[in-house]
file final15.txt (compact mmCIF, C-alpha atoms and all ligand atoms)
# COMPACT_ATOMS: atom_id res chain seq x y z
CA MET S 10 1.58 -11.59 9.79
CA LYS S 11 1.27 -9.25 6.82
CA ASN S 12 4.33 -7.90 5.03
CA ILE S 13 4.66 -4.13 4.92
CA LEU S 14 7.14 -2.32 2.71
CA VAL S 15 8.17 1.10 4.00
CA SER S 16 9.91 3.69 1.85
CA ASN S 17 10.34 7.43 1.61
CA ASP S 18 12.09 10.18 -0.34
CA ASP S 19 13.87 12.04 2.48
CA GLY S 20 16.61 9.45 2.68
CA ILE S 21 17.28 6.37 4.78
CA ASN S 22 18.30 8.46 7.83
CA SER S 23 15.22 10.66 7.95
CA PRO S 24 13.42 10.66 11.32
CA GLY S 25 9.98 10.33 9.71
CA LEU S 26 10.99 7.04 8.09
CA PHE S 27 12.24 5.55 11.36
CA ARG S 28 9.17 6.67 13.32
CA LEU S 29 6.91 5.17 10.68
CA LYS S 30 8.82 1.89 10.73
CA GLN S 31 8.59 1.75 14.53
CA ALA S 32 4.83 2.36 14.52
CA LEU S 33 4.20 -0.22 11.79
CA ASP S 34 6.25 -2.89 13.62
CA SER S 35 3.18 -3.43 15.80
CA VAL S 36 0.87 -4.19 12.84
CA GLY S 37 3.03 -6.24 10.45
CA GLU S 38 6.40 -7.56 9.34
CA VAL S 39 8.15 -4.41 8.15
CA THR S 40 10.90 -4.15 5.54
CA VAL S 41 12.45 -0.74 4.86
CA ILE S 42 13.88 0.12 1.45
CA ALA S 43 14.43 3.85 1.09
CA THR S 44 16.54 6.20 -0.95
CA ASP S 45 20.18 6.53 0.09
CA ARG S 46 19.86 10.35 0.02
CA GLU S 47 17.13 12.95 -0.15
CA ARG S 48 15.12 12.59 -3.34
CA THR S 49 12.31 15.02 -2.55
CA ALA S 50 10.25 16.02 -5.61
CA SER S 51 11.75 13.18 -7.63
CA GLY S 52 8.33 12.12 -8.92
CA HIS S 53 7.34 8.75 -10.35
CA THR S 54 10.38 7.49 -12.22
CA LYS S 55 11.90 4.23 -13.36
CA THR S 56 15.70 4.10 -13.44
CA MET S 57 16.58 2.28 -16.66
CA HIS S 58 19.91 3.67 -17.82
CA LYS S 59 22.13 3.01 -14.81
CA PRO S 60 22.45 0.21 -12.27
CA LEU S 61 20.64 0.23 -8.95
CA ARG S 62 22.74 -0.41 -5.85
CA ILE S 63 21.36 -1.61 -2.53
CA LYS S 64 23.14 -1.27 0.81
CA GLU S 65 22.32 -2.82 4.16
CA VAL S 66 21.88 -0.24 6.89
CA GLN S 67 21.35 -0.61 10.62
CA PHE S 68 18.52 1.41 12.13
CA PRO S 69 18.75 2.98 15.63
CA ASP S 70 16.69 0.06 17.03
CA GLY S 71 19.22 -2.43 15.66
CA SER S 72 16.99 -3.61 12.83
CA LEU S 73 18.17 -4.13 9.26
CA ALA S 74 17.06 -1.71 6.54
CA TYR S 75 18.05 -1.21 2.92
CA SER S 76 19.06 1.94 1.12
CA SER S 77 18.88 2.17 -2.64
CA SER S 78 20.64 4.42 -5.11
CA GLY S 79 17.39 4.78 -7.06
CA ALA S 80 14.29 6.92 -6.63
CA THR S 81 11.46 6.02 -4.26
CA SER S 82 9.51 4.35 -7.05
CA ASP S 83 12.61 2.23 -7.76
CA CYS S 84 12.68 1.17 -4.09
CA VAL S 85 9.17 -0.25 -4.46
CA ALA S 86 9.94 -1.77 -7.86
CA LEU S 87 13.01 -3.53 -6.39
CA ALA S 88 10.86 -5.05 -3.66
CA VAL S 89 8.07 -6.10 -6.01
CA LEU S 90 10.34 -7.49 -8.75
CA GLY S 91 12.07 -9.96 -6.48
CA PHE S 92 14.57 -8.31 -4.13
CA LEU S 93 12.29 -9.38 -1.29
CA PRO S 94 11.43 -13.06 -0.91
CA ARG S 95 7.71 -12.23 -0.58
CA LEU S 96 5.52 -9.59 -2.16
CA PRO S 97 4.48 -6.84 0.25
CA ASP S 98 0.82 -6.81 1.29
CA LEU S 99 0.99 -3.05 1.82
CA VAL S 100 3.28 -0.19 0.77
CA VAL S 101 3.59 2.79 3.11
CA SER S 102 5.66 5.80 2.09
CA GLY S 103 6.74 8.53 4.49
CA ILE S 104 6.49 10.13 6.81
CA ASN S 105 7.57 12.98 4.60
CA PHE S 106 9.02 16.27 5.79
CA GLY S 107 6.47 18.70 4.33
CA ALA S 108 2.84 18.32 3.29
CA ASN S 109 1.94 16.74 -0.05
CA VAL S 110 -1.30 18.44 -0.98
CA GLY S 111 -2.95 19.58 -4.22
CA HIS S 112 -0.62 19.46 -7.20
CA ASP S 113 2.30 18.48 -4.94
CA ILE S 114 1.32 14.89 -5.53
CA THR S 115 2.56 15.12 -9.13
CA TYR S 116 6.06 16.13 -7.98
CA SER S 117 6.27 14.11 -4.82
CA GLY S 118 8.71 11.25 -4.39
CA THR S 119 6.67 10.20 -1.36
CA LEU S 120 3.58 9.76 -3.53
CA ALA S 121 5.64 8.11 -6.27
CA ALA S 122 6.38 5.14 -4.00
CA ALA S 123 2.65 4.76 -3.39
CA PHE S 124 1.96 5.14 -7.13
CA GLU S 125 4.43 2.33 -7.84
CA GLY S 126 2.79 0.12 -5.24
CA THR S 127 -0.63 0.85 -6.73
CA VAL S 128 0.57 0.13 -10.28
CA SER S 129 1.82 -3.23 -8.94
CA GLY S 130 -1.60 -3.97 -7.46
CA ILE S 131 -0.54 -3.50 -3.84
CA PRO S 132 -2.62 -1.29 -1.51
CA SER S 133 -0.55 1.80 -0.77
CA ILE S 134 -0.48 4.76 1.60
CA ALA S 135 1.55 7.98 1.35
CA ALA S 136 1.97 10.02 4.53
CA SER S 137 3.38 13.50 5.16
CA LEU S 138 3.80 15.87 8.09
CA ASP S 139 2.92 19.52 7.51
CA THR S 140 6.24 21.07 8.48
CA TYR S 141 9.59 22.00 7.03
CA GLU S 142 11.06 22.64 10.46
CA GLU S 143 11.67 20.21 13.29
CA GLY S 144 8.71 17.87 13.42
CA ASP S 145 7.36 15.34 15.87
CA PHE S 146 6.45 12.39 13.69
CA ARG S 147 5.11 10.17 16.48
CA SER S 148 1.41 11.07 16.36
CA ALA S 149 1.44 10.93 12.56
CA ALA S 150 3.11 7.50 12.73
CA ARG S 151 0.49 6.26 15.20
CA PHE S 152 -2.34 7.40 12.94
CA VAL S 153 -0.76 5.82 9.86
CA ALA S 154 -0.31 2.52 11.72
CA HIS S 155 -4.00 2.55 12.57
CA LEU S 156 -4.93 3.38 8.98
CA ALA S 157 -2.59 0.63 7.73
CA GLN S 158 -4.53 -1.93 9.77
CA GLU S 159 -7.79 -0.72 8.23
CA VAL S 160 -6.36 -0.88 4.71
CA MET S 161 -4.98 -4.40 5.27
CA ALA S 162 -8.34 -5.56 6.64
CA ARG S 163 -10.52 -3.89 3.99
CA GLY S 164 -8.28 -3.52 0.94
CA LEU S 165 -8.50 -0.61 -1.48
CA PRO S 166 -10.23 -0.39 -4.88
CA PRO S 167 -7.97 -1.02 -7.91
CA ASN S 168 -5.85 2.02 -8.87
CA VAL S 169 -6.66 3.86 -5.66
CA LEU S 170 -4.20 4.88 -2.94
CA LEU S 171 -4.56 6.97 0.20
CA ASN S 172 -2.70 10.24 0.67
CA VAL S 173 -2.41 11.27 4.33
CA ASN S 174 -1.32 14.68 5.62
CA VAL S 175 -0.91 15.34 9.33
CA PRO S 176 -0.69 18.78 10.99
CA ASN S 177 2.50 19.38 12.96
CA VAL S 178 0.89 19.88 16.36
CA PRO S 179 0.94 17.82 19.59
CA GLU S 180 -1.38 14.82 19.41
CA ASP S 181 -3.96 16.33 21.80
CA GLU S 182 -4.28 19.39 19.54
CA ILE S 183 -5.18 17.39 16.44
CA ALA S 184 -8.80 18.40 15.82
CA GLY S 185 -9.93 15.28 13.98
CA VAL S 186 -9.67 13.42 10.69
CA GLU S 187 -11.24 14.55 7.41
CA ILE S 188 -11.76 12.58 4.22
CA THR S 189 -10.75 15.16 1.65
CA LYS S 190 -10.11 16.03 -1.99
CA LEU S 191 -7.02 17.71 -3.39
CA GLY S 192 -6.86 21.44 -2.75
CA ARG S 193 -5.27 24.28 -4.70
CA ARG S 194 -1.57 24.83 -4.10
CA LEU S 195 -0.12 28.27 -4.84
CA TYR S 196 3.46 27.89 -6.01
CA ARG S 197 5.89 30.77 -5.62
CA ASP S 198 8.79 29.35 -7.63
CA GLN S 199 11.29 31.77 -9.10
CA LEU S 200 13.94 31.19 -11.71
CA ILE S 201 17.31 32.35 -10.46
CA LYS S 202 20.00 32.90 -13.08
CA ARG S 203 23.70 32.97 -12.18
CA GLN S 204 27.05 32.49 -13.84
CA ASP S 205 29.56 29.75 -13.19
CA PRO S 206 33.31 30.51 -12.80
CA ARG S 207 33.74 30.07 -16.57
CA GLY S 208 31.13 32.66 -17.38
CA ARG S 209 28.41 30.27 -18.46
CA ASP S 210 24.84 30.81 -17.28
CA TYR S 211 23.15 28.34 -14.98
CA TYR S 212 19.73 28.30 -13.37
CA TRP S 213 18.18 27.39 -10.05
CA ILE S 214 14.49 26.98 -9.41
CA GLY S 215 14.14 28.84 -6.11
CA GLY S 216 11.58 31.06 -4.45
CA GLU S 217 9.37 30.83 -1.38
CA ARG S 218 7.66 27.71 -0.06
CA PRO S 219 4.25 27.12 -1.62
CA THR S 220 1.08 28.23 0.12
CA GLY S 221 -2.45 27.08 -0.64
CA VAL S 222 -6.11 28.04 -0.68
CA ALA S 223 -7.27 27.22 2.85
CA GLU S 224 -10.85 28.41 2.25
CA ASP S 225 -11.86 25.60 -0.12
CA GLU S 226 -13.94 23.42 2.17
CA GLY S 227 -13.36 19.69 1.99
CA THR S 228 -9.83 19.94 0.66
CA ASP S 229 -6.61 18.63 2.14
CA ILE S 230 -5.29 22.19 2.53
CA TRP S 231 -8.46 23.25 4.35
CA ALA S 232 -8.21 20.28 6.73
CA LEU S 233 -4.58 21.02 7.63
CA ALA S 234 -5.41 24.70 8.21
CA GLY S 235 -7.95 23.51 10.81
CA LYS S 236 -5.34 21.26 12.49
CA ARG S 237 -7.08 18.15 11.16
CA ILE S 238 -5.57 15.09 9.52
CA SER S 239 -6.54 14.78 5.84
CA VAL S 240 -7.01 11.46 4.07
CA THR S 241 -7.46 11.86 0.32
CA PRO S 242 -8.25 8.90 -1.92
CA ILE S 243 -6.19 9.27 -5.10
CA HIS S 244 -7.16 7.53 -8.34
CA LEU S 245 -4.44 6.76 -10.86
CA ASP S 246 -6.91 7.03 -13.76
CA LEU S 247 -6.17 10.67 -14.57
CA THR S 248 -8.69 10.73 -17.44
CA ASP S 249 -10.96 13.77 -17.34
CA HIS S 250 -14.18 11.93 -18.06
CA SER S 251 -16.23 15.12 -18.06
CA PHE S 252 -14.19 16.57 -20.95
CA ILE S 253 -14.32 13.53 -23.26
CA LYS S 254 -17.60 14.54 -24.91
CA GLU S 255 -16.52 18.07 -25.73
CA LEU S 256 -13.09 16.93 -26.92
CA ARG S 257 -14.82 14.55 -29.36
CA SER S 258 -16.54 17.56 -30.94
CA TRP S 259 -13.19 19.18 -31.79
CA LYS S 260 -12.07 18.92 -35.39
CA ILE S 261 -9.33 16.43 -34.51
CA CYS S 262 -11.28 13.23 -35.06
CA THR S 263 -11.72 11.51 -38.43
CA GLU S 264 -14.80 12.34 -40.58
CA GLU S 265 -16.29 8.85 -40.08
CA ARG S 266 -16.49 9.41 -36.34
MN MN W 301 10.56 14.54 0.93
call {"tool": "encode", "arguments": {"input": "final15.txt", "output": "structure tokens", "more": "lines below"}}
Ligand code: MN
result
Amino acid sequence: MKNILVSNDDGINSPGLFRLKQALDSVGEVTVIATDRERTASGHTKTMHKPLRIKEVQFPDGSLAYSSSGATSDCVALAVLGFLPRLPDLVVSGINFGANVGHDITYSGTLAAAFEGTVSGIPSIAASLDTYEEGDFRSAARFVAHLAQEVMARGLPPNVLLNVNVPNVPEDEIAGVEITKLGRRLYRDQLIKRQDPRGRDYYWIGGERPTGVAEDEGTDIWALAGKRISVTPIHLDLTDHSFIKELRSWKICTEER
């Protein structure tokens, strides 16, 4: 049986994590290491200047899980660097509360766990449900379990992970699955300035939830708008190959070149 590491950034008690674990139990030997609190938008980090603590936690089904004081990427690093007796064959992160589409992936703690798995050479999947309200994670979990089997059977190319987003509708209303590219998020962040009781300024990044451009065909945002599951292959080589030639013509290279 294959070993599957499950993590997420909504905290060890999040319903999406437990549903995902339950669904993956049928396709592999699952170990859960997740953050001990919500770490949404914690990005891809490596905790180096403070210790990492791990606690044993009992899940509602009686199984043992681990919570870590680190970020999601730390959870995967802990597993890969020897906390687990065997290397995972697959990393699955989620199921996140809220879609991770477009530029979200650069902020996302959910994606960061999959990035860490990919950096370690382990096939990885990130999965999110398109809701900030109450969500039913069961159909998303079922789809991810099916996808996990495919990934374990076929593998993924080096440096590539899969980013899955599932619409928050009953399973019989899901209108299909699209292989997509990243869409365009529209952020509506606002800087809110206040004063603390001692008269010093402090700041919150607030504002409305992001929206996105639903009209761009073939994107993750477009797929979700049509009540379809999106699966986006993400490459960790962020080089813009198309810009290399023009950048070489800038006056920043040495004469000899
Ligand atoms: Mn989250």
call {"tool": "residues_around", "arguments": {"input": "final15.txt", "residues": "Glu142 in chain S", "least_positions_apart": "2", "cutoff": "12 Å", "atoms": "only C-alpha atoms", "output": "list in words"}}
result
Asn105, Phe106, Gly107, Ala108, Leu138, Asp139, Thr140, Gly144, Asp145, Phe146 and Asn177 of chain S
call {"tool": "residues_near_ligand", "arguments": {"input": "final15.txt", "ligand": "ligand MN 301 (chain W)", "cutoff": "7 Å", "atoms": "all atoms listed in the file", "output": "ChimeraX atom specification"}}
result
/S:18-19,47-50,105-107,118-119
call {"tool": "residues_around", "arguments": {"input": "final15.txt", "residues": "range 28-43 of chain S", "least_positions_apart": "4", "cutoff": "6 Å", "atoms": "all atoms listed in the file", "output": "compact mmCIF listing (two decimals) with C-alpha atoms, in the coordinates of the input"}}
result
# COMPACT_ATOMS: atom_id res chain seq x y z
CA MET S 10 1.58 -11.59 9.79
CA LYS S 11 1.27 -9.25 6.82
CA ASN S 12 4.33 -7.90 5.03
CA ILE S 13 4.66 -4.13 4.92
CA LEU S 14 7.14 -2.32 2.71
CA VAL S 15 8.17 1.10 4.00
CA SER S 16 9.91 3.69 1.85
CA ASN S 17 10.34 7.43 1.61
CA ILE S 21 17.28 6.37 4.78
CA ALA S 74 17.06 -1.71 6.54
CA TYR S 75 18.05 -1.21 2.92
CA SER S 76 19.06 1.94 1.12
CA CYS S 84 12.68 1.17 -4.09
CA ALA S 150 3.11 7.50 12.73
CA ARG S 151 0.49 6.26 15.20
CA ALA S 154 -0.31 2.52 11.72
call {"tool": "atom_distance", "arguments": {"input": "final15.txt", "atom1": "CA of Ser117 in chain S", "atom2": "CA of His53 in chain S"}}
result
7.8 Å
call {"tool": "atom_distance", "arguments": {"input": "final15.txt", "atom1": "CA of Leu120 in chain S", "atom2": "CA of Ile253 in chain S"}}
result
26.9 Å
call {"tool": "atom_distance", "arguments": {"input": "final15.txt", "atom1": "CA of Asp198 in chain S", "atom2": "CA of Glu224 in chain S"}}
result
22.0 Å
call {"tool": "residues_around", "arguments": {"input": "final15.txt", "residues": "range 168-172 of chain S", "least_positions_apart": "2", "cutoff": "12 Å", "atoms": "all atoms listed in the file", "output": "PyMOL selection string"}}
result
chain S and resi 99-105+108-111+113-114+117+119-138+153+156-157+159-160+164-166+174-175+187-191+229+238-247
call {"tool": "write_last_selection", "arguments": {"input": "final15.txt", "atoms": "C-alpha atoms", "output": "PDB file, keeping the file's coordinate frame"}}
result
ATOM      1  CA  LEU S  99       0.990  -3.050   1.820  1.00  0.00           C
ATOM      2  CA  VAL S 100       3.280  -0.190   0.770  1.00  0.00           C
ATOM      3  CA  VAL S 101       3.590   2.790   3.110  1.00  0.00           C
ATOM      4  CA  SER S 102       5.660   5.800   2.090  1.00  0.00           C
ATOM      5  CA  GLY S 103       6.740   8.530   4.490  1.00  0.00           C
ATOM      6  CA  ILE S 104       6.490  10.130   6.810  1.00  0.00           C
ATOM      7  CA  ASN S 105       7.570  12.980   4.600  1.00  0.00           C
ATOM      8  CA  ALA S 108       2.840  18.320   3.290  1.00  0.00           C
ATOM      9  CA  ASN S 109       1.940  16.740  -0.050  1.00  0.00           C
ATOM     10  CA  VAL S 110      -1.300  18.440  -0.980  1.00  0.00           C
ATOM     11  CA  GLY S 111      -2.950  19.580  -4.220  1.00  0.00           C
ATOM     12  CA  ASP S 113       2.300  18.480  -4.940  1.00  0.00           C
ATOM     13  CA  ILE S 114       1.320  14.890  -5.530  1.00  0.00           C
ATOM     14  CA  SER S 117       6.270  14.110  -4.820  1.00  0.00           C
ATOM     15  CA  THR S 119       6.670  10.200  -1.360  1.00  0.00           C
ATOM     16  CA  LEU S 120       3.580   9.760  -3.530  1.00  0.00           C
ATOM     17  CA  ALA S 121       5.640   8.110  -6.270  1.00  0.00           C
ATOM     18  CA  ALA S 122       6.380   5.140  -4.000  1.00  0.00           C
ATOM     19  CA  ALA S 123       2.650   4.760  -3.390  1.00  0.00           C
ATOM     20  CA  PHE S 124       1.960   5.140  -7.130  1.00  0.00           C
ATOM     21  CA  GLU S 125       4.430   2.330  -7.840  1.00  0.00           C
ATOM     22  CA  GLY S 126       2.790   0.120  -5.240  1.00  0.00           C
ATOM     23  CA  THR S 127      -0.630   0.850  -6.730  1.00  0.00           C
ATOM     24  CA  VAL S 128       0.570   0.130 -10.280  1.00  0.00           C
ATOM     25  CA  SER S 129       1.820  -3.230  -8.940  1.00  0.00           C
ATOM     26  CA  GLY S 130      -1.600  -3.970  -7.460  1.00  0.00           C
ATOM     27  CA  ILE S 131      -0.540  -3.500  -3.840  1.00  0.00           C
ATOM     28  CA  PRO S 132      -2.620  -1.290  -1.510  1.00  0.00           C
ATOM     29  CA  SER S 133      -0.550   1.800  -0.770  1.00  0.00           C
ATOM     30  CA  ILE S 134      -0.480   4.760   1.600  1.00  0.00           C
ATOM     31  CA  ALA S 135       1.550   7.980   1.350  1.00  0.00           C
ATOM     32  CA  ALA S 136       1.970  10.020   4.530  1.00  0.00           C
ATOM     33  CA  SER S 137       3.380  13.500   5.160  1.00  0.00           C
ATOM     34  CA  LEU S 138       3.800  15.870   8.090  1.00  0.00           C
ATOM     35  CA  VAL S 153      -0.760   5.820   9.860  1.00  0.00           C
ATOM     36  CA  LEU S 156      -4.930   3.380   8.980  1.00  0.00           C
ATOM     37  CA  ALA S 157      -2.590   0.630   7.730  1.00  0.00           C
ATOM     38  CA  GLU S 159      -7.790  -0.720   8.230  1.00  0.00           C
ATOM     39  CA  VAL S 160      -6.360  -0.880   4.710  1.00  0.00           C
ATOM     40  CA  GLY S 164      -8.280  -3.520   0.940  1.00  0.00           C
ATOM     41  CA  LEU S 165      -8.500  -0.610  -1.480  1.00  0.00           C
ATOM     42  CA  PRO S 166     -10.230  -0.390  -4.880  1.00  0.00           C
ATOM     43  CA  ASN S 174      -1.320  14.680   5.620  1.00  0.00           C
ATOM     44  CA  VAL S 175      -0.910  15.340   9.330  1.00  0.00           C
ATOM     45  CA  GLU S 187     -11.240  14.550   7.410  1.00  0.00           C
ATOM     46  CA  ILE S 188     -11.760  12.580   4.220  1.00  0.00           C
ATOM     47  CA  THR S 189     -10.750  15.160   1.650  1.00  0.00           C
ATOM     48  CA  LYS S 190     -10.110  16.030  -1.990  1.00  0.00           C
ATOM     49  CA  LEU S 191      -7.020  17.710  -3.390  1.00  0.00           C
ATOM     50  CA  ASP S 229      -6.610  18.630   2.140  1.00  0.00           C
ATOM     51  CA  ILE S 238      -5.570  15.090   9.520  1.00  0.00           C
ATOM     52  CA  SER S 239      -6.540  14.780   5.840  1.00  0.00           C
ATOM     53  CA  VAL S 240      -7.010  11.460   4.070  1.00  0.00           C
ATOM     54  CA  THR S 241      -7.460  11.860   0.320  1.00  0.00           C
ATOM     55  CA  PRO S 242      -8.250   8.900  -1.920  1.00  0.00           C
ATOM     56  CA  ILE S 243      -6.190   9.270  -5.100  1.00  0.00           C
ATOM     57  CA  HIS S 244      -7.160   7.530  -8.340  1.00  0.00           C
ATOM     58  CA  LEU S 245      -4.440   6.760 -10.860  1.00  0.00           C
ATOM     59  CA  ASP S 246      -6.910   7.030 -13.760  1.00  0.00           C
ATOM     60  CA  LEU S 247      -6.170  10.670 -14.570  1.00  0.00           C
TER      61      LEU S 247
END
call {"tool": "closest_residue", "arguments": {"input": "final15.txt", "among": "S:Gly20, S:Leu90, S:Glu217, S:Arg194", "to": "Arg46 in chain S", "atoms": "all atoms listed in the file"}}
result
S:Gly20
call {"tool": "closest_residue", "arguments": {"input": "final15.txt", "among": "S:Ile201, S:Cys262, S:Ala232, S:Met57", "to": "Gly215 in chain S", "atoms": "all atoms listed in the file"}}
result
S:Ile201
